[in-house]
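Data first, discussion second: the structure below is written as structure tokens.
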Amino acid sequence: MEAEYTTVKDWYRANRRELKKYRGQWIAYNHQGVISCDRDYDKMKDGVDPSLSSLDYVIDRIYESEFVEPVRFPGFHCCK
């Protein structure tokens with residue numbers, strides 16, 4: 001059973017790390033989760049249920065550079 005969230009902000013905070021799988025895509029989400037996603041904005045927007053008001057969901061872009069782990073080199077120490 002999935003957790004229920006009262007606001008979109010609550011859902012986002014709890015599920016931020018899960019958005020890694022959407023890198024390079026536009027997503028639309030509400031307090032229940034992702035409702036549409038695609039690399040093409042128009043296709044993503046077309047996937048949103050037309051009965052939803054634009055106030056019922058958030059559109060965001062998950063960039064390719066998000067969720068990139070920093071590279072660490074052994075023996076290199078910066079800014080001690």
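Just so we're on the same page: first chain in the structure tokens is A, next is B, and so on; residues restart at 1 for each chain, and ligands are numbered from 1 in the order they show up.
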
Would you list the contacts of Ser65 of chain A as an mmCIF file with N, CA and C atoms, in the first residue's frame, taking every protein, DNA or RNA residue within 10 Å and counting only C-alpha atoms, but skipping same-chain residues closer than 3 positions in sequence?
```cif
data_model
loop_
_atom_site.group_PDB
_atom_site.id
_atom_site.type_symbol
_atom_site.label_atom_id
_atom_site.label_comp_id
_atom_site.auth_asym_id
_atom_site.auth_seq_id
_atom_site.Cartn_x
_atom_site.Cartn_y
_atom_site.Cartn_z
ATOM 1 N N ARG A 23 15.128 11.057 -15.556
ATOM 2 C CA ARG A 23 16.143 11.995 -16.040
ATOM 3 C C ARG A 23 15.956 12.262 -17.527
ATOM 4 N N GLY A 24 16.038 13.548 -17.877
ATOM 5 C CA GLY A 24 15.894 13.946 -19.273
ATOM 6 C C GLY A 24 14.454 14.077 -19.731
ATOM 7 N N ILE A 62 13.124 17.063 -15.205
ATOM 8 C CA ILE A 62 14.184 16.357 -14.499
ATOM 9 C C ILE A 62 15.382 16.343 -15.452
ATOM 10 N N VAL A 68 23.483 12.939 -10.335
ATOM 11 C CA VAL A 68 24.809 12.459 -10.709
ATOM 12 C C VAL A 68 25.664 12.419 -9.453
ATOM 13 N N GLU A 69 26.231 11.263 -9.194
ATOM 14 C CA GLU A 69 27.071 11.098 -8.016
ATOM 15 C C GLU A 69 28.426 11.753 -8.275
#
```

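Taking segment 33-66 of chain A and asking which residues DSSP calls strand (DSSP E or B) on the backbone, you get A:Gly33, A:Val34, A:Ile35, A:Ser36, A:Cys37, A:Asp38, A:Val58, A:Ile59, A:Asp60, A:Arg61, A:Ile62.
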
If you run DSSP on this backbone, which residues of chain A come out as helix (DSSP H, G or I), and could you give them as an NGL selection string?
:A and (8-22 or 41-46)

Using only C-alpha atoms: which of A:Asp60, A:Lys21, A:Ala28, A:Tyr5 has the shortest distance to Val48 of chain A
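Result for the nearest residue to Val48 of chain A: A:Ala28.
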
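Taking atom CA of Arg16 of chain A and atom CA of Ser51 of chain A as the two end points, the separation is 26.0 Å.
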
Please provide as a PyMOL selection string all residues within 9 Å of Asp40 of chain A, with the sequence filter that same-chain residues fewer than 3 positions apart are discarded (counting only C-alpha atoms).
chain A and resi 25-26+37+43-45

Given only C-alpha atoms as the counted atoms, nearest of A:Arg39, A:Asp46, A:Lys20, A:Tyr29 to Glu66 of chain A:
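Among A:Arg39, A:Asp46, A:Lys20, A:Tyr29, it is A:Lys20 that comes nearest to Glu66 of chain A.
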